[in-house]
$ cat target07.cif   # mmCIF, C-alpha atoms
data_entry
loop_
_atom_site.label_atom_id
_atom_site.label_comp_id
_atom_site.auth_asym_id
_atom_site.auth_seq_id
_atom_site.Cartn_x
_atom_site.Cartn_y
_atom_site.Cartn_z
CA ARG A 58 18.62 -3.79 -2.08
CA SER A 59 15.10 -4.62 -3.05
CA GLN A 60 12.62 -3.98 -5.77
CA SER A 61 9.30 -2.26 -5.21
CA THR A 62 6.32 -2.16 -7.52
CA LYS A 63 5.89 1.13 -9.37
CA PHE A 64 2.28 2.13 -9.77
CA GLN A 65 1.01 4.50 -12.44
CA TYR A 66 -2.60 5.15 -11.55
CA ASN A 67 -2.70 8.89 -11.07
CA THR A 68 -5.59 10.70 -12.67
CA ASN A 69 -4.66 13.47 -15.08
CA THR A 70 -6.22 16.39 -13.24
CA ASP A 71 -5.57 16.92 -9.55
CA THR A 72 -8.19 18.82 -7.60
CA LEU A 73 -6.57 19.08 -4.16
CA ASN A 74 -3.47 21.21 -3.83
CA TYR A 75 -0.49 19.27 -2.49
CA SER A 76 3.24 18.73 -2.91
CA TYR A 77 5.52 15.88 -1.95
CA LYS A 78 7.85 16.19 1.02
CA THR A 79 10.76 13.98 2.05
CA HIS A 80 12.27 13.33 5.47
CA LYS A 81 15.41 11.27 6.07
CA ASP A 82 17.40 10.28 9.17
CA ILE A 83 20.63 8.27 9.21
CA SER A 84 22.58 6.47 11.90
CA SER A 85 26.01 7.61 12.98
CA TYR A 86 27.19 3.98 13.04
CA LEU A 87 28.91 2.76 9.88
CA VAL A 88 28.65 -0.81 8.61
CA GLU A 89 31.48 -2.28 6.53
CA ASN A 90 30.80 -5.08 4.08
CA ASP A 91 33.71 -6.02 1.78
CA GLU A 92 34.66 -2.66 0.25
CA ASP A 93 31.33 -0.98 0.93
CA VAL A 94 30.62 1.30 3.86
CA ASP A 95 26.99 2.05 4.61
CA THR A 96 24.72 3.11 7.43
CA ALA A 97 21.15 2.62 8.56
CA TYR A 98 18.54 5.11 7.41
CA TYR A 99 14.85 5.93 7.53
CA GLU A 100 13.38 7.81 4.59
CA ILE A 101 9.80 8.81 3.88
CA SER A 102 8.19 10.58 0.93
CA TYR A 103 4.61 11.75 1.35
CA PRO A 104 2.02 14.21 0.00
CA PHE A 105 1.49 17.37 2.03
CA PHE A 106 -1.79 19.15 1.40
CA ALA A 107 -2.74 22.81 1.67
CA ASP A 108 -5.71 21.61 3.73
CA THR A 109 -4.26 21.03 7.21
CA THR A 110 -7.36 19.14 8.34
CA LEU A 111 -6.81 16.66 5.52
CA ASN A 112 -3.16 16.22 6.52
CA ASN A 113 -4.24 15.23 10.03
CA ILE A 114 -6.78 12.76 8.64
CA LEU A 115 -4.22 11.23 6.28
CA LYS A 116 -1.48 10.82 8.91
CA PRO A 117 -2.44 7.26 9.98
CA PHE A 118 -2.64 6.23 6.30
CA ILE A 119 0.89 7.53 5.69
CA LEU A 120 2.38 6.39 9.00
CA VAL A 121 0.77 2.96 8.65
CA ASP A 122 2.73 1.46 11.55
CA GLY A 123 0.96 3.76 14.01
CA ASP A 124 3.73 6.27 14.74
CA GLU A 125 2.77 9.62 16.26
CA SER A 126 4.73 11.71 13.77
CA ILE A 127 7.23 11.42 10.94
CA GLU A 128 10.01 12.70 13.16
CA THR A 129 9.31 10.22 15.97
CA ALA A 130 8.99 7.37 13.46
CA ALA A 131 12.44 8.16 12.04
CA GLU A 132 14.01 8.64 15.47
CA ALA A 133 12.59 5.37 16.79
CA PHE A 134 13.88 3.39 13.83
CA ILE A 135 17.40 4.83 14.04
CA TRP A 136 17.40 4.43 17.83
CA GLY A 137 16.47 0.77 17.39
CA PHE A 138 19.42 0.19 15.06
CA ASN A 139 21.85 2.07 17.30
CA GLU A 140 20.74 0.04 20.31
CA PHE A 141 21.21 -3.16 18.31
CA VAL A 142 24.76 -2.12 17.36
CA GLU A 143 25.60 -1.29 20.97
CA GLU A 144 24.36 -4.61 22.37
CA SER A 145 27.23 -6.75 23.69
CA SER A 146 25.75 -9.81 21.98
CA THR A 147 25.97 -8.22 18.52
CA GLN A 148 29.09 -9.67 16.91
CA ASN A 149 28.81 -8.78 13.26
CA ILE A 150 26.47 -6.73 11.08
CA SER A 151 26.68 -7.52 7.38
CA PHE A 152 24.00 -5.11 6.20
CA PRO A 153 22.62 -1.99 7.85
CA TRP A 154 18.93 -1.59 8.51
CA TYR A 155 16.80 0.63 6.32
CA LYS A 156 13.21 1.71 6.00
CA ASN A 157 11.74 3.39 2.94
CA VAL A 158 8.18 4.69 3.12
CA LYS A 159 6.68 6.03 -0.09
CA SER A 160 3.17 7.41 0.06
CA GLU A 161 1.64 8.38 -3.30
CA VAL A 162 -1.62 9.91 -4.44
CA TRP A 163 -3.24 7.57 -6.98
CA THR A 164 -6.54 9.36 -7.45
CA ASN A 165 -7.57 12.91 -6.62
CA THR A 166 -11.08 14.23 -7.29
CA PRO A 167 -13.44 16.62 -5.45
CA PHE A 168 -15.04 13.57 -3.80
CA LEU A 169 -12.31 10.94 -3.49
CA LEU A 170 -8.64 10.65 -2.61
CA THR A 171 -6.87 7.31 -3.06
CA LEU A 172 -3.50 7.01 -1.33
CA ALA A 173 -1.04 4.10 -1.59
CA THR A 174 1.68 3.81 1.05
CA ALA A 175 4.47 1.34 0.25
CA VAL A 176 6.87 0.26 2.99
CA ASP A 177 10.18 -1.42 2.24
CA GLU A 178 12.30 -2.26 5.27
CA TYR A 179 15.15 -4.46 6.42
CA THR A 180 16.02 -5.10 10.06
CA GLY A 181 18.21 -8.18 9.68
CA GLY A 182 17.48 -11.72 8.62
CA ALA A 183 17.29 -13.44 5.26
CA HIS A 184 15.18 -10.81 3.53
CA GLY A 185 13.38 -7.54 4.00
CA ASN A 186 9.74 -6.78 4.54
CA HIS A 187 7.52 -5.14 1.93
CA TYR A 188 3.88 -4.14 2.06
CA THR A 189 1.52 -1.61 0.51
CA ILE A 190 -1.51 -0.17 2.26
CA ILE A 191 -4.12 1.51 0.05
CA SER A 192 -6.52 4.00 1.60
CA ASN A 193 -9.55 5.69 0.05
CA ILE A 194 -10.75 8.90 1.65
CA ASP A 195 -14.10 10.60 1.19
CA VAL A 196 -12.86 14.16 0.74
CA GLN A 197 -16.08 15.90 1.74
CA ASN A 198 -16.79 13.79 4.82
CA LYS A 199 -13.09 13.45 5.67
CA LYS A 200 -13.26 9.73 6.44
CA LYS A 201 -11.85 6.46 5.15
CA ILE A 202 -14.15 4.26 3.11
CA GLY A 203 -14.20 0.48 2.68
CA LEU A 204 -15.64 -1.81 0.02
CA LYS A 205 -18.91 -2.02 1.95
CA ASP A 206 -19.28 1.75 1.48
CA ILE A 207 -19.23 1.58 -2.33
CA ILE A 208 -20.62 -1.87 -3.18
CA ASP A 209 -24.19 -2.96 -2.40
CA LYS A 210 -23.96 -5.42 0.49
CA GLU A 211 -25.77 -8.18 -1.37
CA LYS A 212 -23.43 -7.74 -4.35
CA ILE A 213 -20.12 -8.32 -2.55
CA THR A 214 -20.47 -12.01 -3.44
CA GLU A 215 -20.81 -11.11 -7.12
CA LEU A 216 -17.72 -8.88 -6.92
CA THR A 217 -15.85 -11.79 -5.30
CA LYS A 218 -16.80 -14.04 -8.23
CA ILE A 219 -15.56 -11.45 -10.75
CA ALA A 220 -12.30 -11.05 -8.80
CA GLU A 221 -11.82 -14.83 -8.58
CA ALA A 222 -12.31 -15.20 -12.34
CA GLN A 223 -9.66 -12.52 -12.88
CA PHE A 224 -7.35 -14.20 -10.36
CA ARG A 225 -7.70 -17.62 -11.98
CA LYS A 226 -7.07 -16.11 -15.41
CA ASN A 227 -3.92 -14.37 -14.17
CA GLU A 228 -2.68 -17.59 -12.55
CA ASN A 229 -3.62 -19.79 -15.53
CA LEU A 230 -5.95 -21.85 -13.35
CA SER A 231 -9.09 -23.60 -14.51
CA ASP A 232 -12.45 -22.77 -12.93
CA SER A 233 -12.33 -25.96 -10.88
CA ALA A 234 -8.63 -26.01 -9.91
CA SER A 235 -8.09 -26.17 -6.14
CA LEU A 236 -6.70 -23.08 -4.38
CA GLU A 237 -5.79 -25.03 -1.25
CA LYS A 238 -2.29 -26.22 -2.15
CA ASP A 239 -0.53 -23.12 -3.50
CA PHE A 240 -2.45 -20.31 -1.81
CA PHE A 241 -3.39 -19.27 1.71
CA PHE A 242 -7.12 -18.73 1.25
CA GLU A 243 -9.06 -20.08 4.22
CA ASN A 244 -10.43 -23.53 3.39
CA GLY A 245 -9.20 -23.01 -0.17
CA THR A 246 -12.02 -20.52 -0.82
CA PHE A 247 -11.12 -17.36 -2.74
CA ASP A 248 -11.81 -14.15 -0.86
CA ILE A 249 -11.26 -10.44 -1.43
CA ASN A 250 -9.67 -8.15 1.15
CA ASP A 251 -10.29 -4.50 1.94
CA ASN A 252 -6.90 -3.33 0.61
CA PHE A 253 -8.26 -1.72 -2.53
CA GLY A 254 -8.01 1.44 -4.60
CA LEU A 255 -10.23 3.29 -7.03
CA THR A 256 -8.04 4.30 -9.95
CA LYS A 257 -8.29 5.67 -13.46
CA ASN A 258 -10.12 2.74 -15.08
CA SER A 259 -10.29 0.00 -12.47
CA LEU A 260 -10.90 -1.18 -8.97
CA ILE A 261 -7.55 -2.46 -7.71
CA ILE A 262 -7.46 -5.25 -5.13
CA TYR A 263 -4.00 -5.73 -3.61
CA TYR A 264 -2.71 -8.69 -1.58
CA ASN A 265 0.60 -8.20 0.18
CA GLU A 266 3.37 -10.79 0.43
CA TYR A 267 2.46 -13.69 2.75
CA GLU A 268 -1.23 -12.78 2.56
CA ILE A 269 -2.36 -15.34 0.00
CA ARG A 270 0.90 -16.93 -1.19
CA PRO A 271 4.50 -17.53 -0.04
CA TYR A 272 6.90 -14.59 0.31
CA ALA A 273 8.96 -15.66 -2.72
CA GLU A 274 5.88 -15.31 -4.95
CA GLY A 275 5.55 -11.62 -4.11
CA PRO A 276 2.39 -9.50 -3.91
CA THR A 277 -0.75 -10.06 -5.99
CA LEU A 278 -2.64 -7.29 -7.75
CA LEU A 279 -6.05 -7.65 -9.38
CA GLU A 280 -7.42 -5.00 -11.73
CA ILE A 281 -11.18 -5.13 -12.18
CA PRO A 282 -12.31 -2.69 -14.90
CA TYR A 283 -15.24 -0.50 -13.94
CA SER A 284 -16.95 -1.68 -17.12
CA THR A 285 -17.33 -5.18 -15.61
CA MET A 286 -18.60 -4.08 -12.19
CA GLU A 287 -20.37 -0.72 -12.42
CA ASN A 288 -23.73 -2.42 -11.84
CA LEU A 289 -22.43 -3.52 -8.42
CA LEU A 290 -21.75 0.03 -7.20
CA ASN A 291 -24.13 1.72 -4.81
CA PRO A 292 -24.96 5.45 -5.31
CA THR A 293 -21.88 6.52 -3.31
CA GLY A 294 -19.61 4.24 -5.33
CA LYS A 295 -21.06 5.58 -8.57
CA LYS A 296 -20.45 9.14 -7.36
CA TYR A 297 -16.76 8.36 -6.77
CA VAL A 298 -16.28 6.59 -10.11
CA ASN A 299 -18.11 9.35 -12.01
CA SER A 300 -15.90 11.96 -10.33
CA ILE A 301 -12.82 10.04 -11.52
CA LYS A 302 -14.12 9.94 -15.09
CA GLN A 303 -14.98 13.64 -15.03
CA SER A 304 -11.55 14.56 -13.72
CA LEU A 305 -10.04 12.95 -16.82
CA ASN A 306 -12.04 15.09 -19.26
#
$ encode --input "target07.cif" --output "structure tokens"
Amino acid sequence: RSQSTKFQYNTNTDTLNYSYKTHKDISSYLVENDEDVDTAYYEISYPFFADTTLNNILKPFILVDGDESIETAAEAFIWGFNEFVEESSTQNISFPWYKNVKSEVWTNTPFLLTLATAVDEYTGGAHGNHYTIISNIDVQNKKKIGLKDIIDKEKITELTKIAEAQFRKNENLSDSASLEKDFFFENGTFDINDNFGLTKNSLIIYYNEYEIRPYAEGPTLLEIPYSTMENLLNPTGKKYVNSIKQSLN
């Protein structure tokens, strides 16, 4: 139905005990299309930790659409499809709805947990909807961190310049080429977002579809090696990166 990006950023040594769980609900309504018979479904795969407090903290970063629980998220999605089928105005359904949620641990150290939750869904129309939300959790303080928590405030501009150089290189653009025509940056000025991850060797900055370019162009991922930006990290950022390096030894 659709293709999703497969990430391979997991560190070698996990420090928090967890396993992956899967939950799936399907609709009782069948949809026929040529010789195929299918039905709507909601499926989610997610890490479940031995630390119940951590599970509660991670819930909004797994259920990124704000659902109260996995069960209610699945029930609401299937209920929405069933209601659509039962509407008198619904004449024909060519393809059933679906929603895949895949939440994966990218990085796991005594200080930092990086979680990427990818959503792939279709609820009618010309194409589906795909987005990935990356969350970085301070394990000891049990809170989400942003770029401002790991980069010195006055050095965000320098990080933006490094990211723009990487972006232009990836897109085969010169240093002076305009970004106004083909991209959605405000006033044609490159900017970084807060959808980032700290991984094995790099800071990952991820732009979802529609965020900086048309849907057909897909998502955009920038990998900024730590070697090019370690001088921009504040003490907390250095602690996280050092913990990643140590977990690989």
$ residues_around --input "target07.cif" --residues "Ser151 (chain A)" --least-positions-apart "3" --cutoff "8 Å" --atoms "all atoms listed in the file" --output "list in words"
Val88, Glu89 and Asn90 of chain A
$ closest_residue --input "target07.cif" --among "A:Tyr297, A:Tyr103, A:Phe242, A:Phe224" --to "Leu278 (chain A)" --atoms "all atoms listed in the file"
A:Phe224
$ closest_residue --input "target07.cif" --among "A:Tyr75, A:Tyr272, A:Phe168, A:Tyr179" --to "Asp195 (chain A)" --atoms "all atoms listed in the file"
A:Phe168
$ residues_around --input "target07.cif" --residues "Leu87 (chain A)" --least-positions-apart "5" --cutoff "9 Å" --atoms "only C-alpha atoms" --output "PDB file with C-alpha atoms, in the coordinates of the input"
ATOM      1  CA  VAL A  94      30.620   1.300   3.860  1.00  0.00           C
ATOM      2  CA  ASP A  95      26.990   2.050   4.610  1.00  0.00           C
ATOM      3  CA  THR A  96      24.720   3.110   7.430  1.00  0.00           C
ATOM      4  CA  ALA A  97      21.150   2.620   8.560  1.00  0.00           C
ATOM      5  CA  PRO A 153      22.620  -1.990   7.850  1.00  0.00           C
TER       6      PRO A 153
END
$ residues_around --input "target07.cif" --residues "Phe138 (chain A)" --least-positions-apart "4" --cutoff "12 Å" --atoms "all atoms listed in the file" --output "list of chain:residue names"
A:Asp82, A:Ile83, A:Ser84, A:Ser85, A:Tyr86, A:Leu87, A:Val88, A:Thr96, A:Ala97, A:Tyr98, A:Tyr99, A:Ala131, A:Glu132, A:Ala133, A:Phe134, A:Val142, A:Glu143, A:Glu144, A:Thr147, A:Ile150, A:Phe152, A:Pro153, A:Trp154, A:Tyr155, A:Lys156, A:Tyr179, A:Thr180, A:Gly181
$ atom_distance --input "target07.cif" --atom1 "CA of Asp122 (chain A)" --atom2 "CA of Thr256 (chain A)"
24.2 Å
$ resolve_selection --input "target07.cif" --expression "the PyMOL selection byres ((chain A and resi 247) around 8)" --output "number ranges by chain"
A: 217, 221, 236, 242-243, 245-246, 248-249
$ resolve_selection --input "target07.cif" --expression "the PyMOL selection byres ((chain A and resi 119) around 8)" --output "list in words"
Tyr103, Leu115, Lys116, Pro117, Phe118, Leu120, Val121, Ser160 and Thr174 of chain A
$ residues_around --input "target07.cif" --residues "Pro282 (chain A)" --least-positions-apart "5" --cutoff "12 Å" --atoms "only C-alpha atoms" --output "list of chain:residue names"
A:Leu216, A:Ile219, A:Ala220, A:Gln223, A:Gly254, A:Leu255, A:Thr256, A:Lys257, A:Asn258, A:Ser259, A:Leu260, A:Ile261, A:Ile262, A:Glu287, A:Asn288, A:Val298
$ closest_residue --input "target07.cif" --among "A:Phe241, A:Asn252, A:Val158, A:Ile202" --to "Thr293 (chain A)" --atoms "all atoms listed in the file"
A:Ile202
